[in-house]
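Asks: So here's query.txt, just compact mmCIF, C-alpha atoms:
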```txt
# COMPACT_ATOMS: atom_id res chain seq x y z
CA MET A 1 0.00 0.00 0.00
CA LYS A 2 2.87 2.37 0.79
CA SER A 3 4.04 1.97 -2.80
CA ASP A 4 0.60 2.95 -4.10
CA PHE A 5 1.10 6.18 -6.02
CA ARG A 6 -2.16 7.59 -4.63
CA MET A 7 -0.66 7.35 -1.15
CA GLN A 8 2.51 9.08 -2.25
CA TYR A 9 0.59 11.79 -4.08
CA PRO A 10 0.35 14.17 -1.05
CA LEU A 11 4.13 13.87 -0.60
CA TRP A 12 4.66 14.88 -4.22
CA MET A 13 2.36 17.85 -3.76
CA MET A 14 4.29 18.85 -0.63
CA GLY A 15 7.52 18.61 -2.63
CA PHE A 16 6.12 20.84 -5.38
CA ILE A 17 4.94 23.37 -2.79
CA VAL A 18 8.43 23.50 -1.25
CA VAL A 19 9.94 24.08 -4.71
CA LEU A 20 7.40 26.83 -5.36
CA GLY A 21 8.36 28.39 -2.02
CA MET A 22 12.03 28.28 -3.03
CA PHE A 23 11.20 29.95 -6.32
CA LEU A 24 9.14 32.57 -4.52
CA PHE A 25 12.01 33.27 -2.14
CA GLY A 26 14.35 33.62 -5.12
CA VAL A 27 12.21 36.09 -7.00
CA SER A 28 10.90 37.97 -3.96
CA SER A 29 13.96 40.04 -3.32
CA PRO A 30 15.13 41.38 -6.66
CA THR A 31 16.26 44.93 -7.17
CA THR A 32 13.68 46.63 -9.31
CA THR A 33 14.24 49.84 -11.19
CA ILE A 34 11.33 51.40 -12.97
CA VAL A 35 11.79 54.46 -15.13
CA ASN A 36 8.62 56.05 -16.37
CA SER A 37 9.27 59.47 -17.80
CA GLU A 38 8.14 61.34 -20.88
CA ARG A 39 11.27 60.30 -22.74
CA GLU A 40 11.90 56.85 -21.36
CA GLN A 41 10.05 53.85 -20.08
CA SER A 42 12.06 50.94 -18.72
CA PHE A 43 11.83 48.14 -16.20
CA LEU A 44 15.00 46.55 -14.79
CA LEU A 45 14.93 43.49 -12.58
CA GLU A 46 18.16 42.31 -10.96
CA LEU A 47 18.41 39.09 -9.02
CA GLY A 48 21.11 38.81 -6.35
CA PRO A 49 23.39 35.72 -6.26
CA ILE A 50 21.40 33.95 -3.53
CA GLY A 51 18.02 34.92 -4.96
CA GLY A 52 19.16 33.87 -8.42
CA LEU A 53 20.43 30.55 -7.12
CA PHE A 54 17.09 29.81 -5.44
CA ALA A 55 15.03 30.90 -8.43
CA ILE A 56 17.06 29.02 -11.07
CA GLY A 57 17.62 26.05 -8.74
CA ALA A 58 13.89 25.83 -8.10
CA VAL A 59 13.09 25.86 -11.83
CA ILE A 60 15.62 23.09 -12.52
CA LEU A 61 14.40 21.08 -9.53
CA TYR A 62 10.79 21.57 -10.63
CA PHE A 63 11.44 20.15 -14.10
CA LEU A 64 13.42 17.21 -12.68
CA MET A 65 10.60 16.46 -10.23
CA MET A 66 8.02 16.73 -13.01
CA ILE A 67 9.89 14.11 -15.06
CA VAL A 68 10.03 11.65 -12.12
CA PHE A 69 6.43 12.48 -11.15
CA TYR A 70 5.04 11.75 -14.62
CA THR A 71 7.13 8.57 -14.90
CA GLN A 72 5.62 7.34 -11.61
CA LEU A 73 2.15 8.41 -12.71
CA LYS A 74 2.48 6.50 -16.00
CA ARG A 75 3.74 3.43 -14.14
CA HIS A 76 0.77 3.58 -11.77
CA ASN A 77 -1.70 3.91 -14.65
CA LYS A 78 -0.10 0.98 -16.46
CA LYS A 79 -0.29 -1.19 -13.33
CA ASN A 80 -3.81 -0.07 -12.41
CA PRO A 81 -5.79 0.37 -15.63
CA SER A 82 -9.07 0.44 -13.68
CA GLU A 83 -7.83 3.15 -11.29
CA LYS A 84 -6.04 5.54 -13.61
CA ILE A 85 -4.98 8.94 -12.35
CA SER A 86 -5.46 11.84 -14.70
CA ILE A 87 -2.51 14.18 -15.32
CA PHE A 88 -4.73 17.12 -14.40
CA PRO A 89 -7.19 15.65 -11.91
CA ILE A 90 -10.17 17.66 -10.71
CA ARG A 91 -10.93 15.24 -7.91
CA PRO A 92 -7.91 14.73 -5.59
CA PRO A 93 -6.33 11.41 -6.61
CA GLU A 94 -5.15 10.76 -3.04
CA TYR A 95 -8.69 9.73 -2.07
CA LEU A 96 -8.62 5.99 -1.41
CA GLU A 97 -12.06 4.58 -2.08
CA GLN A 98 -11.66 0.97 -3.17
CA ASP A 99 -14.11 -0.20 -0.52
CA GLU A 100 -16.00 1.01 2.54
CA GLY A 101 -13.01 0.62 4.89
CA MET A 102 -10.75 2.75 2.71
CA THR A 103 -13.55 5.29 2.20
CA HIS A 104 -13.86 5.47 5.98
CA ILE A 105 -10.20 6.40 6.54
CA THR A 106 -10.25 8.82 3.60
CA ARG A 107 -13.25 10.52 5.21
CA LYS A 108 -11.47 10.71 8.58
CA ALA A 109 -8.38 12.25 6.97
CA SER A 110 -10.49 14.68 4.92
CA GLN A 111 -12.38 15.74 8.07
CA LYS A 112 -9.09 16.55 9.81
CA VAL A 113 -7.99 18.63 6.84
CA TYR A 114 -11.37 20.40 6.74
CA THR A 115 -11.09 21.20 10.46
CA PHE A 116 -7.65 22.67 9.89
CA MET A 117 -8.81 24.69 6.89
CA SER A 118 -11.88 26.01 8.71
CA TRP A 119 -9.74 27.96 11.16
CA SER A 120 -6.55 28.51 9.18
CA LEU A 121 -8.23 30.26 6.23
CA PRO A 122 -10.00 32.93 8.36
CA LEU A 123 -6.71 33.49 10.21
CA LEU A 124 -4.93 33.85 6.90
CA ALA A 125 -7.53 36.36 5.74
CA VAL A 126 -6.98 38.44 8.89
CA PHE A 127 -3.21 38.16 8.42
CA ALA A 128 -3.51 39.29 4.80
CA MET A 129 -5.74 42.26 5.77
CA PHE A 130 -3.69 43.62 8.62
CA SER A 131 -0.20 42.33 7.95
CA PRO A 132 2.42 45.06 7.76
CA PHE A 133 4.51 42.74 5.61
CA THR A 134 4.60 42.72 1.85
CA ARG A 135 2.26 40.62 -0.29
CA ILE A 136 4.93 37.95 -0.65
CA TYR A 137 4.49 36.91 3.00
CA THR A 138 0.80 36.28 2.39
CA VAL A 139 1.73 34.03 -0.52
CA PHE A 140 4.23 32.23 1.72
CA ALA A 141 1.49 31.78 4.34
CA ILE A 142 -0.81 30.25 1.69
CA LEU A 143 1.95 27.81 0.73
CA VAL A 144 2.51 26.88 4.38
CA ILE A 145 -1.22 26.17 4.81
CA ALA A 146 -1.24 24.02 1.67
CA LEU A 147 1.83 22.17 2.93
CA ILE A 148 0.27 21.50 6.35
CA GLN A 149 -2.99 20.41 4.69
CA TYR A 150 -1.23 17.68 2.69
CA GLY A 151 0.84 16.79 5.78
CA ILE A 152 -2.29 16.24 7.90
CA TYR A 153 -3.92 14.14 5.19
CA TYR A 154 -0.83 11.98 4.60
CA ARG A 155 -0.18 11.45 8.32
CA GLU A 156 -3.74 10.34 8.97
CA ILE A 157 -3.85 7.90 6.03
CA ARG A 158 -0.43 6.50 6.84
CA LYS A 159 -1.37 5.96 10.49
CA HIS A 160 -4.04 3.50 9.37
CA LEU A 161 -2.21 1.81 6.54
CA LYS A 162 0.59 -0.19 8.01
CA GLU A 163 1.85 -3.05 5.92
CA GLU A 164 1.86 -5.93 8.40
CA ASP A 165 -0.18 -8.88 7.12
CA GLU A 166 -1.49 -11.44 9.58
CA MET B 1 -17.91 0.15 20.62
CA LEU B 2 -18.40 -2.72 18.18
CA LYS B 3 -16.45 -5.83 19.13
CA ASN B 4 -15.90 -8.80 16.86
CA ARG B 5 -14.45 -12.28 16.46
CA VAL B 6 -13.23 -11.81 12.89
CA LYS B 7 -9.56 -12.35 13.78
CA GLU B 8 -10.30 -15.42 15.88
CA LEU B 9 -12.47 -17.10 13.25
CA ARG B 10 -10.17 -16.11 10.42
CA ALA B 11 -7.29 -17.81 12.23
CA ARG B 12 -9.46 -20.89 12.86
CA TYR B 13 -10.04 -21.31 9.12
CA GLY B 14 -6.43 -20.47 8.30
CA PHE B 15 -7.22 -17.41 6.22
CA THR B 16 -4.89 -14.44 5.92
CA GLN B 17 -6.43 -10.98 5.92
CA SER B 18 -5.89 -10.89 2.16
CA ASP B 19 -7.67 -14.25 1.68
CA LEU B 20 -10.68 -13.08 3.64
CA GLY B 21 -10.61 -9.70 1.89
CA LYS B 22 -10.75 -11.43 -1.50
CA GLN B 23 -13.67 -13.59 -0.41
CA VAL B 24 -15.76 -10.61 0.65
CA ASN B 25 -14.40 -8.28 -2.04
CA VAL B 26 -12.60 -5.71 0.13
CA THR B 27 -8.94 -4.81 0.65
CA ARG B 28 -6.73 -6.46 3.26
CA GLN B 29 -6.56 -3.12 5.04
CA THR B 30 -10.32 -3.05 5.55
CA ILE B 31 -10.19 -6.47 7.21
CA ALA B 32 -7.41 -5.14 9.46
CA PHE B 33 -9.50 -2.04 10.37
CA ILE B 34 -12.48 -4.24 11.28
CA GLU B 35 -10.36 -6.58 13.40
CA LYS B 36 -8.84 -3.65 15.29
CA GLY B 37 -12.29 -2.14 15.82
CA GLU B 38 -11.29 1.00 13.93
CA PHE B 39 -14.17 0.61 11.53
CA SER B 40 -17.71 -0.73 11.82
CA PRO B 41 -18.66 -2.53 8.61
CA SER B 42 -21.96 -2.06 6.81
CA ILE B 43 -24.72 -4.63 7.17
CA THR B 44 -23.90 -5.99 3.71
CA LEU B 45 -20.23 -6.48 4.54
CA SER B 46 -21.08 -7.94 7.96
CA LEU B 47 -23.32 -10.52 6.29
CA LYS B 48 -20.63 -11.36 3.74
CA LEU B 49 -18.04 -11.77 6.51
CA ALA B 50 -20.37 -13.95 8.55
CA LYS B 51 -20.97 -16.15 5.50
CA ALA B 52 -17.24 -16.41 4.71
CA LEU B 53 -16.47 -17.32 8.32
CA GLN B 54 -19.40 -19.77 8.50
CA THR B 55 -21.18 -18.08 11.35
CA ASN B 56 -23.96 -15.54 11.81
CA VAL B 57 -23.68 -11.79 12.31
CA ASN B 58 -24.76 -11.96 15.97
CA ASP B 59 -21.91 -14.31 16.79
CA LEU B 60 -19.42 -12.31 14.79
CA PHE B 61 -20.23 -8.80 16.03
CA TRP B 62 -21.59 -7.44 19.29
CA LEU B 63 -21.64 -4.17 21.19
CA GLU B 64 -19.24 -3.81 24.10
CA GLU B 65 -22.05 -2.53 26.32
CA ASP B 66 -24.08 -5.72 25.62
CA GLU B 67 -21.13 -7.73 26.87
CA GLU B 68 -21.13 -5.70 30.09
CA HIS B 69 -24.90 -6.24 30.53
CA GLU B 70 -24.48 -9.98 30.18
CA LYS B 71 -21.84 -10.13 32.96
```
Taking this structure as input, can you express it in the form of structure tokens?
Replies:
Amino acid sequence: MKSDFRMQYPLWMMGFIVVLGMFLFGVSSPTTTIVNSEREQSFLLELGPIGGLFAIGAVILYFLMMIVFYTQLKRHNKKNPSEKISIFPIRPPEYLEQDEGMTHITRKASQKVYTFMSWSLPLLAVFAMFSPFTRIYTVFAILVIALIQYGIYYREIRKHLKEEDE
Amino acid sequence: MLKNRVKELRARYGFTQSDLGKQVNVTRQTIAFIEKGEFSPSITLSLKLAKALQTNVNDLFWLEEDEEHEK
């Protein structure tokens, strides 16, 4: 079960969120020069060495992860023709619903995530409204919430699905 | 809480969780959840389990409070 791609899916999403956070960090602190005069209009964006490293590193890492992710996805779909995962799924593919027992633990995990979201989103809204920080920190906060959401879901599912056979 | 004898009867007939799961058309994990009392099966699944383990639902499942009443 641990090797089931649907179980690993939240981990992949967490990985992609971390990479997005790295990219955001890289591009959040560039030096920006905007000239907007009658004679000249220009926009100059300079990335520092650390920012540049994070931004470019994140893009490279993202593409490498995408290659491995799609390879795993294809392998899963080949092995499980009746339970194929779409490349762009609307319904979260991490839902395990083969039978009533699996549906039960998926519901428990989803309820935990919903509980978390029901208080974290209003808090985030308040943070976004009154935060003295720049917009980028709100985006970071959204990524952190998304990361925790997948973490809660994965932890709950994993707690129930241990591989010992009797 | 729902108590059960699934593990005991499964062992008596020499079934693994996977064997029993296949017989009643559920995953091995679902059998494990039922045995641990983490999940109360539907009436349909309870009847299928009772049939596979050659018993009836009343002998296979009972409520913990009923057990206390009987004592």
Asks: Quick one, how far is atom CA of Val35 of chain A from atom CA of Leu20 of chain A?
Replies: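 Separating atom CA of Val35 of chain A from atom CA of Leu20 of chain A is a distance of 29.6 Å.
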Asks: Report the distance between atom CA of Gly101 of chain A and atom CA of Ile87 of chain A in Å, rounded to one decimal place.
Replies: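 Separating atom CA of Gly101 of chain A from atom CA of Ile87 of chain A is a distance of 26.5 Å.
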Asks: Pull out every residue of chain B that has at least one atom within 8 Å of chain A, counting only C-alpha atoms, and report them as a ChimeraX atom specification.
Replies: /B:16-18,26-31,33,39,41-42
Asks: Name the residues in contact with Val139 of chain A at a cut-off of 9 Å, using all atoms listed in the file, excluding same-chain residues fewer than 5 positions from it; report them as a PDB file with C-alpha atoms, in the frame of the given file.
Replies:
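Here's the written file selection.pdb:
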```
ATOM      1  CA  GLY A  21       8.360  28.390  -2.020  1.00  0.00           C
ATOM      2  CA  LEU A  24       9.140  32.570  -4.520  1.00  0.00           C
ATOM      3  CA  VAL A 144       2.510  26.880   4.380  1.00  0.00           C
TER       4      VAL A 144
END
```
Asks: Find the nearest atom pair between each residue of segment 29-53 of chain B and segment 58-64 of chain B for residues within 10 Å, count all atoms listed in the file, give distances in Å to one decimal, sort rows by chain and ascending number, and present the table as a tab-separated table.
Replies:
```
residue	atom	partner	partner_atom	distance
B:Ser40	CA	B:Phe61	CA	9.4
B:Pro41	CA	B:Phe61	CA	9.8
B:Ser46	CA	B:Phe61	CA	8.2
B:Leu47	CA	B:Leu60	CA	9.5
B:Leu49	CA	B:Leu60	CA	8.4
B:Ala50	CA	B:Leu60	CA	6.5
B:Leu53	CA	B:Leu60	CA	8.7
```
Asks: What lies within 12 Å of Tyr114 of chain A using all atoms listed in the file, ignoring chain neighbours under 2 positions off, as a PyMOL selection string?
Replies: chain A and resi 107-112+116-121+145-146+148-150+152-153
Asks: Produce a file of the selected residues containing C-alpha atoms, as a short mmCIF file (atom, residue, chain, number, x, y, z; two decimals), keeping the file's coordinate frame.
Replies:
```
data_model
loop_
_atom_site.label_atom_id
_atom_site.label_comp_id
_atom_site.auth_asym_id
_atom_site.auth_seq_id
_atom_site.Cartn_x
_atom_site.Cartn_y
_atom_site.Cartn_z
CA ARG A 107 -13.25 10.52 5.21
CA LYS A 108 -11.47 10.71 8.58
CA ALA A 109 -8.38 12.25 6.97
CA SER A 110 -10.49 14.68 4.92
CA GLN A 111 -12.38 15.74 8.07
CA LYS A 112 -9.09 16.55 9.81
CA PHE A 116 -7.65 22.67 9.89
CA MET A 117 -8.81 24.69 6.89
CA SER A 118 -11.88 26.01 8.71
CA TRP A 119 -9.74 27.96 11.16
CA SER A 120 -6.55 28.51 9.18
CA LEU A 121 -8.23 30.26 6.23
CA ILE A 145 -1.22 26.17 4.81
CA ALA A 146 -1.24 24.02 1.67
CA ILE A 148 0.27 21.50 6.35
CA GLN A 149 -2.99 20.41 4.69
CA TYR A 150 -1.23 17.68 2.69
CA ILE A 152 -2.29 16.24 7.90
CA TYR A 153 -3.92 14.14 5.19
#
```
Asks: Rounded to one decimal in Å, what is the spacing between atom CA of Gly15 of chain A and atom CA of Arg155 of chain A?
Replies: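 That distance, rounded to one decimal, is 15.2 Å.
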Asks: Have a look at B:Thr55, B:Ile43, B:Glu65, B:Lys48 and name the one nearest to Leu2 of chain B; count all atoms listed in the file.
Replies: B:Glu65
Asks: When distances are computed from all atoms listed in the file, which of A:Lys79, A:Ser42, A:Leu143, A:Arg158 shows the smallest separation from Val18 of chain A?
Replies: A:Leu143
Asks: May I ask which of the residues A:Gln41, A:Asn36, A:Phe54, A:Glu156 is the closest one to Val113 of chain A, counting only C-alpha atoms?
Replies: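 That would be A:Glu156, the residue with the smallest distance to Val113 of chain A.
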Asks: With all atoms listed in the file as the basis for distance, which of A:Tyr95, A:Phe69, A:Tyr154, A:Phe133 is at the shortest distance from Glu83 of chain A?
Replies: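 Distance minimum relative to Glu83 of chain A lands on A:Tyr95.
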